[in-house]
Amino acid sequence: MPSKYKTIDGKKCEADLLALGEKLTRDAALSIEGARSIWEEALDGNKVTQPERCAIEHIMKRSPHGLASEAKNFFQYWLKEETVSQLRGAACVTVDGVRCDEAMIKVANHFHGRKRGPLGIRAAEGIWFSALDGRGVTNREKATIDFILRKYRFDDPGRSFLESKQSWLTIAADALAVGGEGDRVDGATLAAAAPDAIVLRRTDAIGLELSVLTPQASSSVHSGAASTARPGSGENLPSSSSSVHLGAAGADPS
């Protein structure tokens, strides 16, 4: 069995991340979408290990076509950020009458307390990364994103980013709301009955992130990745990613 690590310049690097970075940088500069997909791949349990950090640093250093400025800013920020990944909470907390994921609320409050004015792209990314802290995004985490978008002000890039994720989750939830006999179940009823059921798996979310790249690049990295598992069954639902409106990634703040 191949080792999951490679030693480069005396540093142990995560081999799968190196392979993903190689594919994403082979023909062009690494984009912001590519950078996010690499980070999401590393962010298992909302934590990036040292070998994963070393792999990302190697990708930044050795990318044959360099990094787009947004991708560079993204990595520079998240590699140094130490607070957000430490924010934990109960699976459920009630805020303004809505049952939310506490860690995601803490992330939103963290960024809200740091600056006056609307939350930006880094806050939106942090909220999304917190939702991806397990095997996938649950009904409760989807409801928390909906709540955060209503409660907090975002600038245009931040709101566009979270709304694009909200679109993916809505399509996945709509697919899950179709009963086994083709009967439709009310989405709110399904979410209330199974708040911890996964709406969108981590692997599918990463595949959707890559789908904003060229079809060739997306398929070469995560071929067939975007399918959604119906909770409680072994059945995979066909992906609706082709019908999802992927919002603009948005510019990084200056």
# chains A, B, ... in the order shown; residues from 1 in each chain; ligands from 1
$ residues_around --residues "Ala143 (chain A)" --least-positions-apart "2" --cutoff "10 Å" --atoms "only C-alpha atoms" --output "PyMOL selection string"
chain A and resi 98-101+138-141+145-149+166+169+188+191+195
$ write_last_selection --atoms "all heavy atoms" --output "compact mmCIF listing (two decimals), in the first residue's frame"
# COMPACT_ATOMS: atom_id res chain seq x y z
N VAL A 98 -34.28 29.65 16.55
CA VAL A 98 -33.86 28.73 15.49
C VAL A 98 -32.80 27.79 16.06
O VAL A 98 -31.86 28.23 16.71
CB VAL A 98 -33.29 29.49 14.28
CG1 VAL A 98 -32.83 28.50 13.21
CG2 VAL A 98 -34.33 30.45 13.71
N ARG A 99 -32.96 26.49 15.81
CA ARG A 99 -31.99 25.50 16.28
C ARG A 99 -30.83 25.46 15.30
O ARG A 99 -31.00 25.08 14.14
CB ARG A 99 -32.65 24.13 16.42
CG ARG A 99 -33.76 24.14 17.49
CD ARG A 99 -34.56 22.85 17.48
NE ARG A 99 -33.78 21.72 17.97
CZ ARG A 99 -33.61 21.43 19.26
NH1 ARG A 99 -34.16 22.20 20.20
NH2 ARG A 99 -32.91 20.38 19.63
N CYS A 100 -29.64 25.87 15.77
CA CYS A 100 -28.47 26.06 14.92
C CYS A 100 -27.29 25.22 15.39
O CYS A 100 -27.25 24.77 16.53
CB CYS A 100 -28.04 27.54 14.92
SG CYS A 100 -29.26 28.69 14.28
N ASP A 101 -26.31 25.06 14.51
CA ASP A 101 -25.03 24.47 14.88
C ASP A 101 -24.22 25.53 15.61
O ASP A 101 -23.94 26.60 15.06
CB ASP A 101 -24.30 24.00 13.62
CG ASP A 101 -22.95 23.40 13.93
OD1 ASP A 101 -22.88 22.19 14.20
OD2 ASP A 101 -21.95 24.15 13.92
N THR A 138 -25.05 18.75 7.31
CA THR A 138 -26.32 18.19 7.78
C THR A 138 -27.48 19.17 7.57
O THR A 138 -27.27 20.34 7.22
CB THR A 138 -26.23 17.86 9.28
OG1 THR A 138 -26.07 19.08 10.01
CG2 THR A 138 -25.06 16.94 9.58
N ASN A 139 -28.68 18.65 7.80
CA ASN A 139 -29.86 19.52 7.73
C ASN A 139 -29.73 20.71 8.69
O ASN A 139 -30.10 21.83 8.35
CB ASN A 139 -31.12 18.72 8.09
CG ASN A 139 -31.68 17.94 6.92
OD1 ASN A 139 -31.82 18.46 5.83
ND2 ASN A 139 -31.99 16.67 7.15
N ARG A 140 -29.23 20.44 9.90
CA ARG A 140 -29.08 21.53 10.87
C ARG A 140 -28.05 22.56 10.39
O ARG A 140 -28.25 23.77 10.56
CB ARG A 140 -28.70 21.00 12.25
CG ARG A 140 -28.57 22.12 13.29
CD ARG A 140 -28.29 21.58 14.68
NE ARG A 140 -29.46 20.92 15.24
CZ ARG A 140 -29.52 19.62 15.54
NH1 ARG A 140 -28.47 18.85 15.34
NH2 ARG A 140 -30.63 19.10 16.04
N GLU A 141 -26.95 22.10 9.83
CA GLU A 141 -25.94 23.03 9.33
C GLU A 141 -26.46 23.83 8.15
O GLU A 141 -26.16 25.02 8.00
CB GLU A 141 -24.66 22.25 8.99
CG GLU A 141 -23.95 21.75 10.23
CD GLU A 141 -22.90 20.68 9.95
OE1 GLU A 141 -23.04 19.96 8.93
OE2 GLU A 141 -21.97 20.55 10.76
N ILE A 145 -26.80 27.96 8.00
CA ILE A 145 -26.38 28.87 6.93
C ILE A 145 -27.53 29.79 6.54
O ILE A 145 -27.35 31.01 6.36
CB ILE A 145 -25.87 28.08 5.71
CG1 ILE A 145 -24.55 27.39 6.05
CG2 ILE A 145 -25.69 29.01 4.50
CD1 ILE A 145 -24.02 26.49 4.94
N ASP A 146 -28.73 29.23 6.40
CA ASP A 146 -29.91 30.05 6.08
C ASP A 146 -30.10 31.14 7.14
O ASP A 146 -30.35 32.31 6.82
CB ASP A 146 -31.17 29.18 6.02
CG ASP A 146 -31.13 28.16 4.89
OD1 ASP A 146 -30.31 28.32 3.97
OD2 ASP A 146 -31.91 27.19 4.95
N PHE A 147 -29.96 30.75 8.41
CA PHE A 147 -30.16 31.69 9.52
C PHE A 147 -29.08 32.78 9.50
O PHE A 147 -29.38 33.97 9.67
CB PHE A 147 -30.11 30.93 10.84
CG PHE A 147 -30.13 31.82 12.07
CD1 PHE A 147 -31.31 32.40 12.49
CD2 PHE A 147 -28.96 32.08 12.77
CE1 PHE A 147 -31.33 33.23 13.61
CE2 PHE A 147 -28.97 32.90 13.89
CZ PHE A 147 -30.16 33.48 14.30
N ILE A 148 -27.84 32.39 9.29
CA ILE A 148 -26.73 33.35 9.29
C ILE A 148 -26.90 34.37 8.16
O ILE A 148 -26.65 35.57 8.34
CB ILE A 148 -25.38 32.60 9.17
CG1 ILE A 148 -25.06 31.92 10.51
CG2 ILE A 148 -24.25 33.55 8.77
CD1 ILE A 148 -23.85 31.00 10.46
N LEU A 149 -27.35 33.90 7.00
CA LEU A 149 -27.56 34.83 5.89
C LEU A 149 -28.67 35.84 6.19
O LEU A 149 -28.64 36.97 5.70
CB LEU A 149 -27.89 34.05 4.61
CG LEU A 149 -26.68 33.42 3.89
CD1 LEU A 149 -27.15 32.45 2.82
CD2 LEU A 149 -25.80 34.51 3.28
N GLN A 166 -25.55 27.65 -0.43
CA GLN A 166 -26.96 27.46 -0.09
C GLN A 166 -27.72 26.86 -1.27
O GLN A 166 -28.58 25.99 -1.08
CB GLN A 166 -27.56 28.81 0.30
CG GLN A 166 -28.97 28.78 0.85
CD GLN A 166 -29.49 30.19 1.09
OE1 GLN A 166 -29.33 31.07 0.24
NE2 GLN A 166 -30.09 30.41 2.25
N LEU A 169 -26.98 23.14 -1.44
CA LEU A 169 -27.65 22.42 -0.37
C LEU A 169 -29.15 22.33 -0.61
O LEU A 169 -29.79 21.32 -0.29
CB LEU A 169 -27.38 23.10 0.97
CG LEU A 169 -25.92 23.06 1.44
CD1 LEU A 169 -25.72 23.97 2.64
CD2 LEU A 169 -25.48 21.65 1.77
N ALA A 188 -39.08 20.90 5.19
CA ALA A 188 -38.98 21.31 6.60
C ALA A 188 -39.31 20.15 7.53
O ALA A 188 -38.68 19.97 8.58
CB ALA A 188 -39.92 22.49 6.86
N ALA A 191 -36.28 17.79 7.51
CA ALA A 191 -35.17 18.36 8.27
C ALA A 191 -35.44 18.28 9.77
O ALA A 191 -34.54 18.00 10.56
CB ALA A 191 -34.94 19.81 7.85
N PRO A 195 -32.50 16.11 11.78
CA PRO A 195 -31.63 17.29 11.70
C PRO A 195 -30.16 16.96 11.50
O PRO A 195 -29.41 17.77 10.97
CB PRO A 195 -31.86 18.00 13.04
CG PRO A 195 -32.33 16.91 13.96
CD PRO A 195 -33.15 16.00 13.09
$ residues_around --residues "Leu162 (chain A)" --least-positions-apart "5" --cutoff "9 Å" --atoms "only C-alpha atoms" --output "PyMOL selection string"
chain A and resi 121+124-125+127-128+145+149+157+167+247
$ select_by_dssp --residues "region 12-185 of chain A" --states "strand (DSSP E or B)" --output "list in words"
Lys12, Cys13, Glu14, Leu30, Leu67, Val93, Thr94, Val95, Val98, Arg99, Cys100, Leu119, Gly136, Val137, Thr138, Phe154, Val178 and Arg184 of chain A
$ write_last_selection --atoms "C-alpha atoms" --output "tab-separated table (two decimals), in the first residue's frame"
chain	number	residue	atom	x	y	z
A	12	LYS	CA	6.65	15.23	5.50
A	13	CYS	CA	3.84	16.16	3.10
A	14	GLU	CA	0.37	14.69	2.59
A	30	LEU	CA	-4.00	27.87	-9.33
A	67	LEU	CA	-1.10	31.19	-8.10
A	93	VAL	CA	-28.03	25.68	20.20
A	94	THR	CA	-31.19	27.80	19.91
A	95	VAL	CA	-30.63	31.33	18.61
A	98	VAL	CA	-33.86	28.73	15.49
A	99	ARG	CA	-31.99	25.50	16.28
A	100	CYS	CA	-28.47	26.06	14.92
A	119	LEU	CA	-18.86	40.30	7.04
A	136	GLY	CA	-20.82	16.25	5.26
A	137	VAL	CA	-23.25	19.12	5.73
A	138	THR	CA	-26.32	18.19	7.78
A	154	PHE	CA	-22.32	40.44	4.34
A	178	VAL	CA	-38.57	12.83	-2.85
A	184	ARG	CA	-42.58	14.35	-2.17
$ residues_around --residues "Gln86 (chain A)" --least-positions-apart "5" --cutoff "12 Å" --atoms "only C-alpha atoms" --output "PyMOL selection string"
chain A and resi 45-48+81+103-104+106-107+110+126+130+133
$ closest_residue --among "A:Arg150, A:Arg201, A:Lys4, A:Arg62" --to "Ala131 (chain A)" --atoms "only C-alpha atoms"
A:Arg201
$ closest_residue --among "A:Asn109, A:Ser69, A:Gln50, A:Ser164" --to "Lys11 (chain A)" --atoms "only C-alpha atoms"
A:Gln50
$ atom_distance --atom1 "CA of Asp27 (chain A)" --atom2 "CA of Pro64 (chain A)"
8.4 Å
$ closest_atom_pairs --of "region 9-31 of chain A" --to "region 204-213 of chain A" --cutoff "12 Å" --atoms "only C-alpha atoms" --output "JSON lines"
{"residue": "A:Leu20", "atom": "CA", "partner": "A:Leu210", "partner_atom": "CA", "distance": 11.1}
{"residue": "A:Lys23", "atom": "CA", "partner": "A:Leu210", "partner_atom": "CA", "distance": 11.6}
{"residue": "A:Leu24", "atom": "CA", "partner": "A:Leu210", "partner_atom": "CA", "distance": 9.3}
{"residue": "A:Thr25", "atom": "CA", "partner": "A:Leu213", "partner_atom": "CA", "distance": 11.8}
{"residue": "A:Asp27", "atom": "CA", "partner": "A:Leu213", "partner_atom": "CA", "distance": 11.9}
{"residue": "A:Ala28", "atom": "CA", "partner": "A:Leu213", "partner_atom": "CA", "distance": 11.0}
{"residue": "A:Ala29", "atom": "CA", "partner": "A:Leu213", "partner_atom": "CA", "distance": 11.8}
{"residue": "A:Leu30", "atom": "CA", "partner": "A:Leu213", "partner_atom": "CA", "distance": 10.4}
{"residue": "A:Ser31", "atom": "CA", "partner": "A:Leu213", "partner_atom": "CA", "distance": 8.4}
$ write_last_selection --atoms "all heavy atoms" --output "compact mmCIF listing (two decimals), in the first residue's frame"
# COMPACT_ATOMS: atom_id res chain seq x y z
N LEU A 20 -3.36 16.26 -5.79
CA LEU A 20 -4.44 17.18 -6.17
C LEU A 20 -3.87 18.51 -6.65
O LEU A 20 -4.30 19.05 -7.67
CB LEU A 20 -5.38 17.40 -4.98
CG LEU A 20 -6.54 18.39 -5.19
CD1 LEU A 20 -7.42 17.94 -6.35
CD2 LEU A 20 -7.36 18.52 -3.91
N LYS A 23 -2.44 18.24 -10.18
CA LYS A 23 -3.47 18.22 -11.23
C LYS A 23 -4.07 19.61 -11.45
O LYS A 23 -4.34 20.00 -12.59
CB LYS A 23 -4.57 17.23 -10.85
CG LYS A 23 -4.12 15.78 -10.92
CD LYS A 23 -5.21 14.83 -10.46
CE LYS A 23 -4.75 13.38 -10.52
NZ LYS A 23 -5.79 12.45 -10.04
N LEU A 24 -4.26 20.35 -10.36
CA LEU A 24 -4.90 21.66 -10.47
C LEU A 24 -3.97 22.74 -11.00
O LEU A 24 -4.43 23.80 -11.43
CB LEU A 24 -5.46 22.07 -9.11
CG LEU A 24 -6.66 21.28 -8.60
CD1 LEU A 24 -7.00 21.70 -7.17
CD2 LEU A 24 -7.86 21.47 -9.50
N THR A 25 -2.67 22.51 -10.96
CA THR A 25 -1.71 23.53 -11.40
C THR A 25 -0.97 23.13 -12.67
O THR A 25 -0.09 23.85 -13.12
CB THR A 25 -0.67 23.80 -10.30
OG1 THR A 25 0.05 22.59 -10.00
CG2 THR A 25 -1.34 24.31 -9.02
N ASP A 27 -1.84 22.98 -15.87
CA ASP A 27 -2.03 23.73 -17.12
C ASP A 27 -2.21 25.23 -16.93
O ASP A 27 -2.23 25.97 -17.91
CB ASP A 27 -3.25 23.18 -17.87
CG ASP A 27 -3.09 21.71 -18.24
OD1 ASP A 27 -1.98 21.32 -18.64
OD2 ASP A 27 -4.08 20.96 -18.11
N ALA A 28 -2.40 25.67 -15.70
CA ALA A 28 -2.67 27.10 -15.48
C ALA A 28 -2.37 27.44 -14.03
O ALA A 28 -2.15 26.56 -13.19
CB ALA A 28 -4.14 27.42 -15.80
N ALA A 29 -2.37 28.74 -13.75
CA ALA A 29 -2.18 29.20 -12.37
C ALA A 29 -3.30 28.66 -11.50
O ALA A 29 -4.45 28.49 -11.95
CB ALA A 29 -2.16 30.72 -12.32
N LEU A 30 -2.99 28.37 -10.25
CA LEU A 30 -4.00 27.87 -9.33
C LEU A 30 -5.04 28.95 -9.05
O LEU A 30 -4.70 30.06 -8.64
CB LEU A 30 -3.35 27.42 -8.02
CG LEU A 30 -4.28 26.80 -6.98
CD1 LEU A 30 -4.84 25.47 -7.48
CD2 LEU A 30 -3.57 26.62 -5.64
N SER A 31 -6.30 28.63 -9.26
CA SER A 31 -7.39 29.58 -9.06
C SER A 31 -7.85 29.58 -7.62
O SER A 31 -7.50 28.71 -6.82
CB SER A 31 -8.56 29.22 -9.97
OG SER A 31 -9.14 28.00 -9.53
$ atom_distance --atom1 "CA of Ile105 (chain A)" --atom2 "CA of Gly89 (chain A)"
8.9 Å
$ atom_distance --atom1 "CA of Ala123 (chain A)" --atom2 "CA of Ser37 (chain A)"
16.8 Å
$ residues_around --residues "Gly117 (chain A)" --least-positions-apart "4" --cutoff "12 Å" --atoms "only C-alpha atoms" --output "list in words"
Phe111, His112, Gly113, Tyr152, Arg153, Phe154 and Asp155 of chain A
$ write_last_selection --atoms "N, CA and C atoms" --output "mmCIF file, in the first residue's frame"
data_model
loop_
_atom_site.group_PDB
_atom_site.id
_atom_site.type_symbol
_atom_site.label_atom_id
_atom_site.label_comp_id
_atom_site.auth_asym_id
_atom_site.auth_seq_id
_atom_site.Cartn_x
_atom_site.Cartn_y
_atom_site.Cartn_z
ATOM 1 N N PHE A 111 -16.063 36.696 13.579
ATOM 2 C CA PHE A 111 -15.766 37.686 12.538
ATOM 3 C C PHE A 111 -16.578 38.962 12.747
ATOM 4 N N HIS A 112 -17.801 38.826 13.239
ATOM 5 C CA HIS A 112 -18.637 40.000 13.497
ATOM 6 C C HIS A 112 -18.007 40.890 14.568
ATOM 7 N N GLY A 113 -17.368 40.281 15.567
ATOM 8 C CA GLY A 113 -16.762 41.047 16.640
ATOM 9 C C GLY A 113 -15.447 41.690 16.275
ATOM 10 N N TYR A 152 -26.996 38.194 9.670
ATOM 11 C CA TYR A 152 -25.787 39.002 9.559
ATOM 12 C C TYR A 152 -25.719 39.696 8.204
ATOM 13 N N ARG A 153 -25.110 40.867 8.220
ATOM 14 C CA ARG A 153 -24.850 41.576 6.959
ATOM 15 C C ARG A 153 -23.537 41.081 6.370
ATOM 16 N N PHE A 154 -23.525 40.846 5.062
ATOM 17 C CA PHE A 154 -22.325 40.440 4.338
ATOM 18 C C PHE A 154 -22.066 41.422 3.204
ATOM 19 N N ASP A 155 -20.798 41.557 2.833
ATOM 20 C CA ASP A 155 -20.520 42.295 1.609
ATOM 21 C C ASP A 155 -20.872 41.384 0.428
#
$ closest_residue --among "A:Arg116, A:Arg159, A:Ala35, A:Arg88" --to "Gln76 (chain A)" --atoms "only C-alpha atoms"
A:Ala35
$ select_by_dssp --residues "region 27-60 of chain A" --states "alpha helix (DSSP H)" --output "PyMOL selection string"
chain A and resi 32-42+50-60
$ write_last_selection --atoms "C-alpha atoms" --output "compact mmCIF listing (two decimals), in the first residue's frame"
# COMPACT_ATOMS: atom_id res chain seq x y z
CA ILE A 32 -9.28 30.59 -5.93
CA GLU A 33 -11.66 27.66 -6.51
CA GLY A 34 -8.72 25.28 -6.76
CA ALA A 35 -7.19 26.72 -3.59
CA ARG A 36 -10.46 26.28 -1.70
CA SER A 37 -10.82 22.69 -2.89
CA ILE A 38 -7.29 21.89 -1.68
CA TRP A 39 -8.03 23.47 1.70
CA GLU A 40 -11.37 21.66 2.01
CA GLU A 41 -9.67 18.36 1.14
CA ALA A 42 -7.19 18.98 3.96
CA GLN A 50 1.34 19.71 9.75
CA PRO A 51 1.92 17.33 6.80
CA GLU A 52 -1.09 18.91 5.09
CA ARG A 53 0.33 22.39 5.74
CA CYS A 54 3.68 21.31 4.31
CA ALA A 55 1.94 19.96 1.21
CA ILE A 56 0.05 23.23 0.69
CA GLU A 57 3.23 25.26 1.15
CA HIS A 58 4.96 23.04 -1.40
CA ILE A 59 2.11 23.57 -3.88
CA MET A 60 2.37 27.33 -3.39
$ closest_residue --among "A:Lys61, A:Arg26, A:Thr144, A:Asp174" --to "Ile8 (chain A)" --atoms "only C-alpha atoms"
A:Lys61
$ decode --residues "region 190-211 of chain A" --atoms "N, CA, C and O atoms" --output "PDB file, in the first residue's frame"
ATOM      1  N   LEU A 190     -38.876  16.934   6.816  1.00  0.00           N
ATOM      2  CA  LEU A 190     -37.743  16.008   6.747  1.00  0.00           C
ATOM      3  C   LEU A 190     -36.589  16.505   7.594  1.00  0.00           C
ATOM      4  O   LEU A 190     -35.962  15.741   8.338  1.00  0.00           O
ATOM      5  N   ALA A 191     -36.280  17.795   7.510  1.00  0.00           N
ATOM      6  CA  ALA A 191     -35.174  18.362   8.272  1.00  0.00           C
ATOM      7  C   ALA A 191     -35.436  18.281   9.767  1.00  0.00           C
ATOM      8  O   ALA A 191     -34.536  18.001  10.560  1.00  0.00           O
ATOM      9  N   ALA A 192     -36.688  18.538  10.166  1.00  0.00           N
ATOM     10  CA  ALA A 192     -37.039  18.479  11.584  1.00  0.00           C
ATOM     11  C   ALA A 192     -36.951  17.051  12.107  1.00  0.00           C
ATOM     12  O   ALA A 192     -36.552  16.811  13.246  1.00  0.00           O
ATOM     13  N   ALA A 193     -37.329  16.089  11.259  1.00  0.00           N
ATOM     14  CA  ALA A 193     -37.309  14.687  11.681  1.00  0.00           C
ATOM     15  C   ALA A 193     -35.897  14.131  11.746  1.00  0.00           C
ATOM     16  O   ALA A 193     -35.610  13.241  12.541  1.00  0.00           O
ATOM     17  N   ALA A 194     -35.013  14.652  10.900  1.00  0.00           N
ATOM     18  CA  ALA A 194     -33.640  14.130  10.841  1.00  0.00           C
ATOM     19  C   ALA A 194     -32.646  15.285  10.723  1.00  0.00           C
ATOM     20  O   ALA A 194     -31.997  15.457   9.697  1.00  0.00           O
ATOM     21  N   PRO A 195     -32.503  16.113  11.782  1.00  0.00           N
ATOM     22  CA  PRO A 195     -31.633  17.293  11.699  1.00  0.00           C
ATOM     23  C   PRO A 195     -30.162  16.957  11.503  1.00  0.00           C
ATOM     24  O   PRO A 195     -29.405  17.769  10.967  1.00  0.00           O
ATOM     25  N   ASP A 196     -29.737  15.752  11.902  1.00  0.00           N
ATOM     26  CA  ASP A 196     -28.338  15.368  11.782  1.00  0.00           C
ATOM     27  C   ASP A 196     -28.060  14.557  10.522  1.00  0.00           C
ATOM     28  O   ASP A 196     -26.924  14.126  10.312  1.00  0.00           O
ATOM     29  N   ALA A 197     -29.081  14.359   9.696  1.00  0.00           N
ATOM     30  CA  ALA A 197     -28.877  13.633   8.444  1.00  0.00           C
ATOM     31  C   ALA A 197     -28.041  14.486   7.491  1.00  0.00           C
ATOM     32  O   ALA A 197     -28.196  15.707   7.408  1.00  0.00           O
ATOM     33  N   ILE A 198     -27.157  13.837   6.767  1.00  0.00           N
ATOM     34  CA  ILE A 198     -26.273  14.554   5.844  1.00  0.00           C
ATOM     35  C   ILE A 198     -27.026  14.898   4.560  1.00  0.00           C
ATOM     36  O   ILE A 198     -27.629  14.037   3.926  1.00  0.00           O
ATOM     37  N   VAL A 199     -26.969  16.171   4.206  1.00  0.00           N
ATOM     38  CA  VAL A 199     -27.580  16.650   2.972  1.00  0.00           C
ATOM     39  C   VAL A 199     -26.584  16.574   1.818  1.00  0.00           C
ATOM     40  O   VAL A 199     -26.932  16.204   0.696  1.00  0.00           O
ATOM     41  N   LEU A 200     -25.328  16.931   2.103  1.00  0.00           N
ATOM     42  CA  LEU A 200     -24.284  16.968   1.077  1.00  0.00           C
ATOM     43  C   LEU A 200     -22.986  16.462   1.682  1.00  0.00           C
ATOM     44  O   LEU A 200     -22.506  16.996   2.677  1.00  0.00           O
ATOM     45  N   ARG A 201     -22.417  15.409   1.098  1.00  0.00           N
ATOM     46  CA  ARG A 201     -21.180  14.849   1.620  1.00  0.00           C
ATOM     47  C   ARG A 201     -19.985  15.760   1.344  1.00  0.00           C
ATOM     48  O   ARG A 201     -19.997  16.539   0.391  1.00  0.00           O
ATOM     49  N   ARG A 202     -18.955  15.634   2.180  1.00  0.00           N
ATOM     50  CA  ARG A 202     -17.738  16.445   2.005  1.00  0.00           C
ATOM     51  C   ARG A 202     -17.155  16.253   0.608  1.00  0.00           C
ATOM     52  O   ARG A 202     -16.759  17.211  -0.056  1.00  0.00           O
ATOM     53  N   THR A 203     -17.052  14.987   0.179  1.00  0.00           N
ATOM     54  CA  THR A 203     -16.457  14.722  -1.129  1.00  0.00           C
ATOM     55  C   THR A 203     -17.251  15.378  -2.247  1.00  0.00           C
ATOM     56  O   THR A 203     -16.677  15.880  -3.218  1.00  0.00           O
ATOM     57  N   ASP A 204     -18.571  15.394  -2.119  1.00  0.00           N
ATOM     58  CA  ASP A 204     -19.407  16.035  -3.124  1.00  0.00           C
ATOM     59  C   ASP A 204     -19.244  17.551  -3.101  1.00  0.00           C
ATOM     60  O   ASP A 204     -19.257  18.206  -4.141  1.00  0.00           O
ATOM     61  N   ALA A 205     -19.121  18.113  -1.906  1.00  0.00           N
ATOM     62  CA  ALA A 205     -18.924  19.563  -1.783  1.00  0.00           C
ATOM     63  C   ALA A 205     -17.622  19.979  -2.452  1.00  0.00           C
ATOM     64  O   ALA A 205     -17.566  21.006  -3.145  1.00  0.00           O
ATOM     65  N   ILE A 206     -16.567  19.187  -2.263  1.00  0.00           N
ATOM     66  CA  ILE A 206     -15.287  19.496  -2.899  1.00  0.00           C
ATOM     67  C   ILE A 206     -15.410  19.358  -4.412  1.00  0.00           C
ATOM     68  O   ILE A 206     -14.894  20.178  -5.175  1.00  0.00           O
ATOM     69  N   GLY A 207     -16.126  18.320  -4.851  1.00  0.00           N
ATOM     70  CA  GLY A 207     -16.335  18.155  -6.279  1.00  0.00           C
ATOM     71  C   GLY A 207     -17.100  19.314  -6.892  1.00  0.00           C
ATOM     72  O   GLY A 207     -16.800  19.757  -8.004  1.00  0.00           O
ATOM     73  N   LEU A 208     -18.081  19.844  -6.169  1.00  0.00           N
ATOM     74  CA  LEU A 208     -18.831  20.996  -6.654  1.00  0.00           C
ATOM     75  C   LEU A 208     -17.956  22.245  -6.692  1.00  0.00           C
ATOM     76  O   LEU A 208     -18.096  23.083  -7.588  1.00  0.00           O
ATOM     77  N   GLU A 209     -17.059  22.389  -5.723  1.00  0.00           N
ATOM     78  CA  GLU A 209     -16.124  23.510  -5.743  1.00  0.00           C
ATOM     79  C   GLU A 209     -15.294  23.471  -7.018  1.00  0.00           C
ATOM     80  O   GLU A 209     -15.054  24.489  -7.663  1.00  0.00           O
ATOM     81  N   LEU A 210     -14.861  22.269  -7.395  1.00  0.00           N
ATOM     82  CA  LEU A 210     -14.050  22.106  -8.596  1.00  0.00           C
ATOM     83  C   LEU A 210     -14.858  22.278  -9.871  1.00  0.00           C
ATOM     84  O   LEU A 210     -14.299  22.534 -10.927  1.00  0.00           O
ATOM     85  N   SER A 211     -16.181  22.149  -9.790  1.00  0.00           N
ATOM     86  CA  SER A 211     -17.006  22.217 -10.990  1.00  0.00           C
ATOM     87  C   SER A 211     -17.051  23.611 -11.593  1.00  0.00           C
ATOM     88  O   SER A 211     -17.514  23.777 -12.720  1.00  0.00           O
TER      89      SER A 211
END
